[in-house]
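Structure data follow from run30.cif (mmCIF, C-alpha atoms):
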```
data_coords
loop_
_atom_site.label_atom_id
_atom_site.label_comp_id
_atom_site.auth_asym_id
_atom_site.auth_seq_id
_atom_site.Cartn_x
_atom_site.Cartn_y
_atom_site.Cartn_z
CA MET D 28 -113.89 74.09 31.20
CA SER D 29 -115.83 71.45 29.29
CA SER D 30 -117.93 72.76 26.40
CA SER D 31 -120.79 70.60 27.71
CA LYS D 32 -120.76 72.10 31.24
CA GLN D 33 -123.71 74.31 32.09
CA ILE D 34 -122.91 77.98 32.67
CA ASN D 35 -124.06 78.83 36.20
CA ASN D 36 -121.61 81.53 37.27
CA VAL D 37 -120.82 84.60 35.18
CA VAL D 38 -118.53 87.56 35.87
CA VAL D 39 -119.32 90.73 33.91
CA ALA D 40 -116.33 93.09 33.82
CA ILE D 41 -117.21 96.71 33.03
CA ALA D 42 -114.61 99.46 33.29
CA MET D 43 -116.85 102.49 33.83
CA GLU D 44 -119.43 102.71 36.58
CA ALA D 45 -121.91 104.68 34.44
CA GLU D 46 -121.91 101.82 31.91
CA ALA D 47 -122.48 99.24 34.66
CA LYS D 48 -125.18 101.02 36.67
CA PRO D 49 -128.24 100.29 34.44
CA PHE D 50 -127.40 96.57 34.29
CA ILE D 51 -126.78 96.39 38.05
CA GLU D 52 -130.16 98.02 38.65
CA HIS D 53 -131.88 95.82 36.05
CA LEU D 54 -130.84 92.64 37.89
CA ASN D 55 -131.16 94.18 41.39
CA LEU D 56 -127.58 93.24 42.21
CA ILE D 57 -126.25 94.12 45.66
CA GLN D 58 -122.82 95.64 46.31
CA GLU D 59 -120.54 93.23 48.19
CA ASP D 60 -117.97 95.34 50.04
CA SER D 61 -115.86 92.37 51.14
CA PHE D 62 -115.39 90.90 47.66
CA PHE D 63 -112.22 92.91 46.93
CA SER D 64 -109.50 93.99 49.34
CA SER D 65 -110.09 97.45 50.80
CA LYS D 66 -106.69 98.39 49.37
CA THR D 67 -108.16 98.31 45.86
CA PRO D 68 -110.65 100.74 44.32
CA PHE D 69 -112.57 97.92 42.62
CA LEU D 70 -116.28 97.31 43.22
CA ALA D 71 -118.36 94.13 43.02
CA TYR D 72 -122.13 93.69 42.74
CA ARG D 73 -123.66 90.23 43.07
CA GLY D 74 -126.93 88.37 42.83
CA GLU D 75 -128.77 85.51 41.17
CA HIS D 76 -130.68 85.44 37.92
CA HIS D 77 -132.51 82.26 36.91
CA SER D 78 -130.31 80.23 39.33
CA CYS D 79 -127.21 81.75 37.74
CA GLN D 80 -124.74 83.62 39.94
CA ILE D 81 -123.93 87.04 38.42
CA THR D 82 -121.00 89.17 39.59
CA VAL D 83 -120.48 92.58 38.03
CA ILE D 84 -117.07 94.10 38.68
CA THR D 85 -116.02 97.65 37.92
CA ASN D 86 -112.62 99.28 38.17
CA GLY D 87 -113.79 101.98 40.56
CA LYS D 88 -112.46 105.53 40.72
CA ASP D 89 -108.89 106.80 40.66
CA THR D 90 -107.45 107.53 44.10
CA VAL D 91 -103.75 107.14 43.28
CA HIS D 92 -103.62 110.36 41.24
CA GLY D 93 -106.56 111.98 43.00
CA MET D 94 -108.54 112.61 39.81
CA GLY D 95 -111.64 110.68 40.86
CA VAL D 96 -112.25 109.44 37.31
CA ASP D 97 -112.99 105.86 36.27
CA ASN D 98 -109.93 103.59 36.33
CA VAL D 99 -109.87 102.83 32.60
CA GLY D 100 -107.04 101.00 30.86
CA THR D 101 -105.26 97.68 30.97
CA VAL D 102 -103.65 97.75 34.43
CA PRO D 103 -106.81 98.10 36.58
CA ALA D 104 -108.78 95.86 34.20
CA ALA D 105 -106.29 92.99 34.41
CA LEU D 106 -105.92 93.26 38.18
CA ALA D 107 -109.66 93.52 38.92
CA THR D 108 -110.41 90.50 36.72
CA PHE D 109 -107.58 88.41 38.17
CA LEU D 110 -108.61 89.16 41.76
CA ALA D 111 -112.27 88.42 41.04
CA LEU D 112 -111.44 85.03 39.55
CA GLU D 113 -108.99 84.33 42.37
CA LYS D 114 -111.73 85.10 44.90
CA LEU D 115 -114.26 82.80 43.24
CA ASN D 116 -111.77 79.97 42.77
CA SER D 117 -110.57 80.30 46.36
CA ASP D 118 -114.15 79.99 47.59
CA LYS D 119 -114.43 76.81 45.56
CA ASP D 120 -111.12 75.38 46.78
CA ASN D 121 -111.70 76.17 50.45
CA ASP D 122 -115.28 74.95 50.76
CA SER D 123 -116.79 72.03 48.90
CA LYS D 124 -120.20 73.65 49.35
CA ASN D 125 -118.96 76.45 47.10
CA SER D 126 -117.81 74.15 44.31
CA ASN D 127 -120.39 75.74 42.00
CA ASN D 128 -119.00 79.22 42.67
CA VAL D 129 -116.14 78.84 40.21
CA CYS D 130 -116.59 81.27 37.34
CA ASP D 131 -117.78 79.62 34.12
CA LEU D 132 -117.50 82.69 31.88
CA VAL D 133 -116.21 86.26 31.91
CA ILE D 134 -118.03 88.80 29.75
CA ASN D 135 -116.23 92.10 29.23
CA ALA D 136 -118.98 94.60 28.45
CA GLY D 137 -118.47 98.22 27.44
CA THR D 138 -118.05 100.80 24.74
CA CYS D 139 -115.45 100.84 21.97
CA GLY D 140 -114.29 102.52 18.81
CA GLY D 141 -115.24 100.87 15.54
CA PHE D 142 -113.67 100.71 12.08
CA GLN D 143 -115.81 101.69 9.12
CA ARG D 144 -113.45 99.68 6.90
CA LYS D 145 -114.78 96.62 8.76
CA GLY D 146 -118.42 97.71 8.54
CA ALA D 147 -118.78 99.18 12.04
CA GLU D 148 -121.38 101.89 12.67
CA ILE D 149 -122.30 103.96 15.73
CA GLY D 150 -124.37 101.87 18.15
CA ASP D 151 -123.37 98.53 16.63
CA VAL D 152 -122.99 95.64 19.08
CA PHE D 153 -119.96 93.38 18.59
CA PHE D 154 -118.88 90.12 20.17
CA THR D 155 -115.11 89.62 20.12
CA THR D 156 -113.71 86.69 18.16
CA ALA D 157 -110.23 87.45 19.52
CA VAL D 158 -108.32 90.23 21.28
CA ALA D 159 -104.84 91.67 20.71
CA ASN D 160 -102.70 94.66 21.69
CA HIS D 161 -101.68 97.38 19.23
CA ASP D 162 -99.47 99.50 21.50
CA ARG D 163 -97.13 96.83 22.93
CA ARG D 164 -94.57 97.06 20.15
CA ILE D 165 -91.50 94.96 21.04
CA PRO D 166 -89.62 94.06 17.81
CA LEU D 167 -87.27 91.61 19.49
CA GLY D 168 -87.93 88.12 18.11
CA PRO D 169 -90.36 86.19 20.33
CA PHE D 170 -91.14 89.36 22.31
CA GLU D 171 -93.03 90.65 19.26
CA PRO D 172 -95.91 88.11 19.32
CA TYR D 173 -95.84 88.27 23.12
CA GLY D 174 -96.42 92.01 22.87
CA VAL D 175 -99.33 91.57 20.48
CA GLY D 176 -100.69 88.98 22.88
CA LYS D 177 -103.49 87.67 20.68
CA ILE D 178 -106.02 85.53 22.57
CA GLU D 179 -109.03 83.83 21.00
CA SER D 180 -112.46 84.50 22.51
CA MET D 181 -115.09 81.88 23.22
CA ASP D 182 -117.11 81.12 20.09
CA VAL D 183 -120.55 82.75 20.42
CA SER D 184 -121.48 82.92 16.74
CA HIS D 185 -124.94 81.46 17.37
CA LEU D 186 -125.57 83.92 20.21
CA ALA D 187 -124.51 86.78 17.94
CA GLU D 188 -127.19 85.73 15.44
CA VAL D 189 -129.82 85.53 18.18
CA ILE D 190 -129.27 89.06 19.50
CA GLY D 191 -128.27 90.62 16.16
CA ALA D 192 -124.64 91.36 17.04
CA LYS D 193 -121.63 91.51 14.74
CA LEU D 194 -118.38 89.58 15.21
CA GLY D 195 -114.80 90.81 15.04
CA VAL D 196 -111.37 91.17 16.63
CA CYS D 197 -110.97 93.77 19.38
CA THR D 198 -107.62 95.57 19.52
CA THR D 199 -106.57 97.08 22.85
CA GLY D 200 -104.41 100.07 23.73
CA ASN D 201 -104.04 102.50 26.63
CA SER D 202 -104.88 105.65 24.67
CA LEU D 203 -108.27 106.92 23.53
CA ASP D 204 -106.83 108.36 20.33
CA ALA D 205 -104.74 106.54 17.73
CA HIS D 206 -101.75 107.61 15.65
CA ASP D 207 -100.44 106.30 12.34
CA ILE D 208 -98.26 103.64 13.96
CA ASP D 209 -101.26 102.47 16.01
CA ASP D 210 -103.41 102.31 12.90
CA HIS D 211 -100.81 100.17 11.16
CA HIS D 212 -100.81 97.63 13.99
CA MET D 213 -104.60 97.71 14.32
CA LYS D 214 -104.83 96.76 10.64
CA VAL D 215 -102.32 93.97 11.21
CA ASN D 216 -104.54 92.78 14.08
CA ASP D 217 -107.48 92.76 11.61
CA ALA D 218 -109.44 94.76 14.18
CA SER D 219 -113.14 95.54 13.84
CA VAL D 220 -113.26 97.42 17.16
CA LYS D 221 -110.81 99.13 19.52
CA ASP D 222 -110.91 99.48 23.30
CA MET D 223 -108.70 100.01 26.37
CA GLU D 224 -109.28 96.82 28.41
CA ALA D 225 -110.24 93.68 26.46
CA ALA D 226 -106.81 92.13 25.88
CA ALA D 227 -105.87 92.65 29.53
CA ILE D 228 -109.05 91.04 30.81
CA ALA D 229 -108.63 88.09 28.43
CA TRP D 230 -105.04 87.66 29.69
CA SER D 231 -106.24 87.34 33.30
CA CYS D 232 -108.91 84.88 32.18
CA GLN D 233 -106.23 82.84 30.40
CA LEU D 234 -104.22 82.57 33.63
CA HIS D 235 -107.26 81.09 35.36
CA GLY D 236 -108.37 78.94 32.44
CA THR D 237 -111.69 80.78 32.31
CA PRO D 238 -113.55 81.34 28.99
CA TYR D 239 -113.76 84.97 27.89
CA VAL D 240 -115.81 86.99 25.42
CA GLY D 241 -116.13 90.72 24.88
CA LEU D 242 -119.45 92.49 24.29
CA LYS D 243 -118.65 95.88 22.80
CA VAL D 244 -120.84 98.78 21.59
CA VAL D 245 -119.45 101.35 19.15
CA THR D 246 -119.28 104.99 20.29
CA ASP D 247 -116.91 106.38 17.66
CA ILE D 248 -115.44 105.56 14.28
CA VAL D 249 -111.68 105.22 14.63
CA ASP D 250 -110.98 105.64 10.91
CA GLY D 251 -113.60 108.37 10.47
CA ASP D 252 -113.34 112.16 10.08
CA LYS D 253 -114.32 113.35 13.58
CA PRO D 254 -111.90 113.68 16.52
CA THR D 255 -112.28 110.59 18.70
CA GLN D 256 -112.93 112.44 21.96
CA GLU D 257 -115.71 114.56 20.41
CA GLU D 258 -117.44 111.63 18.73
CA PHE D 259 -117.10 109.49 21.87
CA MET D 260 -118.91 112.04 24.05
CA GLU D 261 -121.49 112.77 21.35
CA ASN D 262 -122.49 109.11 20.98
CA LEU D 263 -121.91 107.76 24.49
CA GLY D 264 -125.63 107.96 25.27
CA THR D 265 -126.59 106.04 22.12
CA ALA D 266 -123.97 103.37 22.78
CA ALA D 267 -124.94 103.07 26.45
CA LYS D 268 -128.55 102.47 25.41
CA SER D 269 -127.46 99.74 22.99
CA LEU D 270 -125.40 98.13 25.76
CA GLN D 271 -128.32 98.32 28.20
CA GLU D 272 -130.50 96.52 25.67
CA ALA D 273 -127.92 93.91 24.62
CA LEU D 274 -126.40 92.82 27.94
CA PRO D 275 -129.62 91.52 29.59
CA LYS D 276 -130.40 89.58 26.40
CA VAL D 277 -126.95 88.01 26.53
CA ILE D 278 -127.39 86.99 30.17
CA GLU D 279 -130.79 85.46 29.39
CA GLN D 280 -129.21 83.33 26.66
CA VAL D 281 -126.01 82.44 28.52
CA CYS D 282 -127.34 81.43 31.95
CA GLY D 283 -128.08 77.73 32.07
CA SER D 284 -126.71 77.13 28.58
CA LYS D 285 -123.67 75.07 27.61
CA ARG D 286 -120.71 76.58 25.79
CA ASP D 287 -121.32 74.53 22.68
CA GLU D 288 -124.88 75.88 22.52
CA LEU D 289 -123.68 79.47 22.16
#
```
Output the file's structure as structure tokens, nothing else.
Amino acid sequence: MSSSKQINNVVVAIAMEAEAKPFIEHLNLIQEDSFFSSKTPFLAYRGEHHSCQITVITNGKDTVHGMGVDNVGTVPAALATFLALEKLNSDKDNDSKNSNNVCDLVINAGTCGGFQRKGAEIGDVFFTTAVANHDRRIPLGPFEPYGVGKIESMDVSHLAEVIGAKLGVCTTGNSLDAHDIDDHHMKVNDASVKDMEAAAIAWSCQLHGTPYVGLKVVTDIVDGDKPTQEEFMENLGTAAKSLQEALPKVIEQVCGSKRDEL
């Protein structure tokens, strides 16, 4: 995508439905049942905002294991993002009238853990500068950097200044907690924040050649004293409020802008 092309179509990928709901309601987006195959649990909500097409996708609820919880983690995140981009690109390829439907940007919005050694505090808003994995440890020559899978995010340094967000690398793993070996690799990744989806979503974006950036709000301090699960639940409300305030501001700035203006 050219850095001078106007951004008219944005996909916002949010893992948990409770995190997505306020934004969906804020923009009066409508659920589109036919967007994803009925075989998947994924959900899509669509609408226009200032002549910009907005599609919010969530990972839906677990039906495979029957737990009914949000489908968090890398597998559903990668698949939902890939299928969403495939859908939009297919619309473009199959109908010249839909040539503007191709996705110009994916924003992965949600909560995360933060590192106090990198200046993160509860409620802080971060844009990702890059993403990487800390739990895909494959010490076999070229498999090692493949496992880390570092992918640069779209540069939004100006946008970060405008909305008062911080910048940093997001490290991704499939566990809420972190052990010593994880911490070692998160330091190697130079991570400011930690989540369970970003690197997977960026990977799907890379396959489609679609720009990606993460918008993350800190719920817990990974290198702090409190157990992660306790701090996460304690601060989820604060972080959700920060996300609700930040995401509409981001959309206002992004829609109609060019990449090199962000």
>> Given all atoms listed in the file as the basis, pick out the residue of D:Val220, D:Val249, D:Leu54, D:Val133 nearest to Lys276 (chain D).
In response: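 For Lys276 (chain D), the nearest of the given residues is D:Leu54.
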> Skipping near chain neighbours, those fewer than 4 positions away, what residues fall within 7 Å of Cys130 (chain D) using all atoms listed in the file, listed as a ChimeraX atom specification?
Replying inline: /D:36-38,112,115
Prev. selection, C-alpha atoms, output as a PDB file, in the frame of the given file:
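Listed below is the output, part_22.pdb:
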```pdb
ATOM      1  CA  ASN D  36    -121.610  81.530  37.270  1.00  0.00           C
ATOM      2  CA  VAL D  37    -120.820  84.600  35.180  1.00  0.00           C
ATOM      3  CA  VAL D  38    -118.530  87.560  35.870  1.00  0.00           C
ATOM      4  CA  LEU D 112    -111.440  85.030  39.550  1.00  0.00           C
ATOM      5  CA  LEU D 115    -114.260  82.800  43.240  1.00  0.00           C
TER       6      LEU D 115
END
```
Using only C-alpha atoms, what table do you get, as a Markdown table, when you list each residue of region 153-200 of chain D with an atom no more than 10 Å from region 281-289 of chain D, its nearest pair of atoms, and their distance in Å rounded to one decimal, rows by chain then rising number?
```
| residue | atom | partner | partner_atom | distance |
| --- | --- | --- | --- | --- |
| D:Met181 | CA | D:Arg286 | CA | 8.1 |
| D:Asp182 | CA | D:Leu289 | CA | 7.1 |
| D:Val183 | CA | D:Leu289 | CA | 4.9 |
| D:Ser184 | CA | D:Leu289 | CA | 6.8 |
| D:His185 | CA | D:Leu289 | CA | 5.3 |
| D:Leu186 | CA | D:Leu289 | CA | 5.2 |
| D:Ala187 | CA | D:Leu289 | CA | 8.5 |
| D:Glu188 | CA | D:Leu289 | CA | 9.8 |
| D:Val189 | CA | D:Leu289 | CA | 9.5 |
```
> Hey, can you check how far CA of Asp204 (chain D) sits from CA of Pro169 (chain D)?
Replying inline: 27.6 Å
>> I need the residue nearest Thr85 (chain D) from this list: D:Thr237, D:Thr67, D:Asn201, D:Gln143. Use only C-alpha atoms for the distance.
In response: D:Thr67
Evaluated on this file, the PyMOL selection byres ((chain D and resi 226) around 12) picks out some residues - which ones are they, written as a PDB file with C-alpha atoms, in the coordinates of the input?
```
ATOM      1  CA  GLY D 100    -107.040 101.000  30.860  1.00  0.00           C
ATOM      2  CA  THR D 101    -105.260  97.680  30.970  1.00  0.00           C
ATOM      3  CA  VAL D 102    -103.650  97.750  34.430  1.00  0.00           C
ATOM      4  CA  ALA D 104    -108.780  95.860  34.200  1.00  0.00           C
ATOM      5  CA  ALA D 105    -106.290  92.990  34.410  1.00  0.00           C
ATOM      6  CA  THR D 108    -110.410  90.500  36.720  1.00  0.00           C
ATOM      7  CA  ASN D 135    -116.230  92.100  29.230  1.00  0.00           C
ATOM      8  CA  THR D 155    -115.110  89.620  20.120  1.00  0.00           C
ATOM      9  CA  THR D 156    -113.710  86.690  18.160  1.00  0.00           C
ATOM     10  CA  ALA D 157    -110.230  87.450  19.520  1.00  0.00           C
ATOM     11  CA  VAL D 158    -108.320  90.230  21.280  1.00  0.00           C
ATOM     12  CA  ALA D 159    -104.840  91.670  20.710  1.00  0.00           C
ATOM     13  CA  ASN D 160    -102.700  94.660  21.690  1.00  0.00           C
ATOM     14  CA  HIS D 161    -101.680  97.380  19.230  1.00  0.00           C
ATOM     15  CA  ASP D 162     -99.470  99.500  21.500  1.00  0.00           C
ATOM     16  CA  ARG D 163     -97.130  96.830  22.930  1.00  0.00           C
ATOM     17  CA  TYR D 173     -95.840  88.270  23.120  1.00  0.00           C
ATOM     18  CA  GLY D 174     -96.420  92.010  22.870  1.00  0.00           C
ATOM     19  CA  VAL D 175     -99.330  91.570  20.480  1.00  0.00           C
ATOM     20  CA  GLY D 176    -100.690  88.980  22.880  1.00  0.00           C
ATOM     21  CA  LYS D 177    -103.490  87.670  20.680  1.00  0.00           C
ATOM     22  CA  ILE D 178    -106.020  85.530  22.570  1.00  0.00           C
ATOM     23  CA  GLU D 179    -109.030  83.830  21.000  1.00  0.00           C
ATOM     24  CA  SER D 180    -112.460  84.500  22.510  1.00  0.00           C
ATOM     25  CA  VAL D 196    -111.370  91.170  16.630  1.00  0.00           C
ATOM     26  CA  CYS D 197    -110.970  93.770  19.380  1.00  0.00           C
ATOM     27  CA  THR D 198    -107.620  95.570  19.520  1.00  0.00           C
ATOM     28  CA  THR D 199    -106.570  97.080  22.850  1.00  0.00           C
ATOM     29  CA  GLY D 200    -104.410 100.070  23.730  1.00  0.00           C
ATOM     30  CA  ASN D 201    -104.040 102.500  26.630  1.00  0.00           C
ATOM     31  CA  LYS D 221    -110.810  99.130  19.520  1.00  0.00           C
ATOM     32  CA  ASP D 222    -110.910  99.480  23.300  1.00  0.00           C
ATOM     33  CA  MET D 223    -108.700 100.010  26.370  1.00  0.00           C
ATOM     34  CA  GLU D 224    -109.280  96.820  28.410  1.00  0.00           C
ATOM     35  CA  ALA D 225    -110.240  93.680  26.460  1.00  0.00           C
ATOM     36  CA  ALA D 227    -105.870  92.650  29.530  1.00  0.00           C
ATOM     37  CA  ILE D 228    -109.050  91.040  30.810  1.00  0.00           C
ATOM     38  CA  ALA D 229    -108.630  88.090  28.430  1.00  0.00           C
ATOM     39  CA  TRP D 230    -105.040  87.660  29.690  1.00  0.00           C
ATOM     40  CA  SER D 231    -106.240  87.340  33.300  1.00  0.00           C
ATOM     41  CA  CYS D 232    -108.910  84.880  32.180  1.00  0.00           C
ATOM     42  CA  GLN D 233    -106.230  82.840  30.400  1.00  0.00           C
ATOM     43  CA  TYR D 239    -113.760  84.970  27.890  1.00  0.00           C
ATOM     44  CA  VAL D 240    -115.810  86.990  25.420  1.00  0.00           C
ATOM     45  CA  GLY D 241    -116.130  90.720  24.880  1.00  0.00           C
TER      46      GLY D 241
END
```
Missing atoms in region 147-165 of chain D: can you complete it with N, CA, C and O atoms, as a PDB file, keeping the file's coordinate frame?
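See selection-v7.pdb below for the written result:
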```
ATOM      1  N   ALA D 147    -118.254  98.738  10.754  1.00  0.00           N
ATOM      2  CA  ALA D 147    -118.780  99.180  12.040  1.00  0.00           C
ATOM      3  C   ALA D 147    -119.500 100.517  11.904  1.00  0.00           C
ATOM      4  O   ALA D 147    -119.056 101.410  11.177  1.00  0.00           O
ATOM      5  N   GLU D 148    -120.610 100.654  12.626  1.00  0.00           N
ATOM      6  CA  GLU D 148    -121.380 101.890  12.670  1.00  0.00           C
ATOM      7  C   GLU D 148    -121.679 102.234  14.125  1.00  0.00           C
ATOM      8  O   GLU D 148    -121.656 101.358  15.002  1.00  0.00           O
ATOM      9  N   ILE D 149    -121.981 103.515  14.378  1.00  0.00           N
ATOM     10  CA  ILE D 149    -122.300 103.960  15.730  1.00  0.00           C
ATOM     11  C   ILE D 149    -123.471 103.150  16.287  1.00  0.00           C
ATOM     12  O   ILE D 149    -124.500 102.987  15.632  1.00  0.00           O
ATOM     13  N   GLY D 150    -123.311 102.643  17.504  1.00  0.00           N
ATOM     14  CA  GLY D 150    -124.370 101.870  18.150  1.00  0.00           C
ATOM     15  C   GLY D 150    -124.344 100.393  17.866  1.00  0.00           C
ATOM     16  O   GLY D 150    -125.099  99.621  18.476  1.00  0.00           O
ATOM     17  N   ASP D 151    -123.477  99.964  16.935  1.00  0.00           N
ATOM     18  CA  ASP D 151    -123.370  98.530  16.630  1.00  0.00           C
ATOM     19  C   ASP D 151    -122.891  97.751  17.864  1.00  0.00           C
ATOM     20  O   ASP D 151    -122.044  98.227  18.626  1.00  0.00           O
ATOM     21  N   VAL D 152    -123.416  96.546  18.015  1.00  0.00           N
ATOM     22  CA  VAL D 152    -122.990  95.640  19.080  1.00  0.00           C
ATOM     23  C   VAL D 152    -122.086  94.568  18.472  1.00  0.00           C
ATOM     24  O   VAL D 152    -122.448  93.944  17.474  1.00  0.00           O
ATOM     25  N   PHE D 153    -120.930  94.381  19.067  1.00  0.00           N
ATOM     26  CA  PHE D 153    -119.960  93.380  18.590  1.00  0.00           C
ATOM     27  C   PHE D 153    -119.648  92.377  19.701  1.00  0.00           C
ATOM     28  O   PHE D 153    -119.493  92.758  20.871  1.00  0.00           O
ATOM     29  N   PHE D 154    -119.538  91.110  19.330  1.00  0.00           N
ATOM     30  CA  PHE D 154    -118.880  90.120  20.170  1.00  0.00           C
ATOM     31  C   PHE D 154    -117.458  89.960  19.649  1.00  0.00           C
ATOM     32  O   PHE D 154    -117.236  89.942  18.433  1.00  0.00           O
ATOM     33  N   THR D 155    -116.497  89.818  20.549  1.00  0.00           N
ATOM     34  CA  THR D 155    -115.110  89.620  20.120  1.00  0.00           C
ATOM     35  C   THR D 155    -114.892  88.177  19.677  1.00  0.00           C
ATOM     36  O   THR D 155    -115.354  87.241  20.322  1.00  0.00           O
ATOM     37  N   THR D 156    -114.173  88.018  18.583  1.00  0.00           N
ATOM     38  CA  THR D 156    -113.710  86.690  18.160  1.00  0.00           C
ATOM     39  C   THR D 156    -112.310  86.434  18.696  1.00  0.00           C
ATOM     40  O   THR D 156    -111.899  85.283  18.857  1.00  0.00           O
ATOM     41  N   ALA D 157    -111.583  87.513  18.951  1.00  0.00           N
ATOM     42  CA  ALA D 157    -110.230  87.450  19.520  1.00  0.00           C
ATOM     43  C   ALA D 157    -109.883  88.849  20.009  1.00  0.00           C
ATOM     44  O   ALA D 157    -110.556  89.832  19.666  1.00  0.00           O
ATOM     45  N   VAL D 158    -108.835  88.934  20.821  1.00  0.00           N
ATOM     46  CA  VAL D 158    -108.320  90.230  21.280  1.00  0.00           C
ATOM     47  C   VAL D 158    -106.815  90.272  21.045  1.00  0.00           C
ATOM     48  O   VAL D 158    -106.157  89.229  20.998  1.00  0.00           O
ATOM     49  N   ALA D 159    -106.288  91.491  20.908  1.00  0.00           N
ATOM     50  CA  ALA D 159    -104.840  91.670  20.710  1.00  0.00           C
ATOM     51  C   ALA D 159    -104.477  93.099  21.106  1.00  0.00           C
ATOM     52  O   ALA D 159    -105.349  93.971  21.195  1.00  0.00           O
ATOM     53  N   ASN D 160    -103.200  93.317  21.350  1.00  0.00           N
ATOM     54  CA  ASN D 160    -102.700  94.660  21.690  1.00  0.00           C
ATOM     55  C   ASN D 160    -102.105  95.329  20.458  1.00  0.00           C
ATOM     56  O   ASN D 160    -101.454  94.669  19.646  1.00  0.00           O
ATOM     57  N   HIS D 161    -102.312  96.641  20.341  1.00  0.00           N
ATOM     58  CA  HIS D 161    -101.680  97.380  19.230  1.00  0.00           C
ATOM     59  C   HIS D 161    -100.606  98.358  19.705  1.00  0.00           C
ATOM     60  O   HIS D 161     -99.913  98.949  18.881  1.00  0.00           O
ATOM     61  N   ASP D 162    -100.462  98.530  21.012  1.00  0.00           N
ATOM     62  CA  ASP D 162     -99.470  99.500  21.500  1.00  0.00           C
ATOM     63  C   ASP D 162     -98.346  98.848  22.306  1.00  0.00           C
ATOM     64  O   ASP D 162     -97.565  99.537  22.938  1.00  0.00           O
ATOM     65  N   ARG D 163     -98.253  97.528  22.265  1.00  0.00           N
ATOM     66  CA  ARG D 163     -97.130  96.830  22.930  1.00  0.00           C
ATOM     67  C   ARG D 163     -96.175  96.375  21.830  1.00  0.00           C
ATOM     68  O   ARG D 163     -96.114  95.209  21.470  1.00  0.00           O
ATOM     69  N   ARG D 164     -95.432  97.325  21.301  1.00  0.00           N
ATOM     70  CA  ARG D 164     -94.570  97.060  20.150  1.00  0.00           C
ATOM     71  C   ARG D 164     -93.157  96.733  20.638  1.00  0.00           C
ATOM     72  O   ARG D 164     -92.428  97.603  21.107  1.00  0.00           O
ATOM     73  N   ILE D 165     -92.782  95.444  20.522  1.00  0.00           N
ATOM     74  CA  ILE D 165     -91.500  94.960  21.040  1.00  0.00           C
ATOM     75  C   ILE D 165     -90.824  94.142  19.929  1.00  0.00           C
ATOM     76  O   ILE D 165     -90.885  92.906  19.937  1.00  0.00           O
TER      77      ILE D 165
END
```
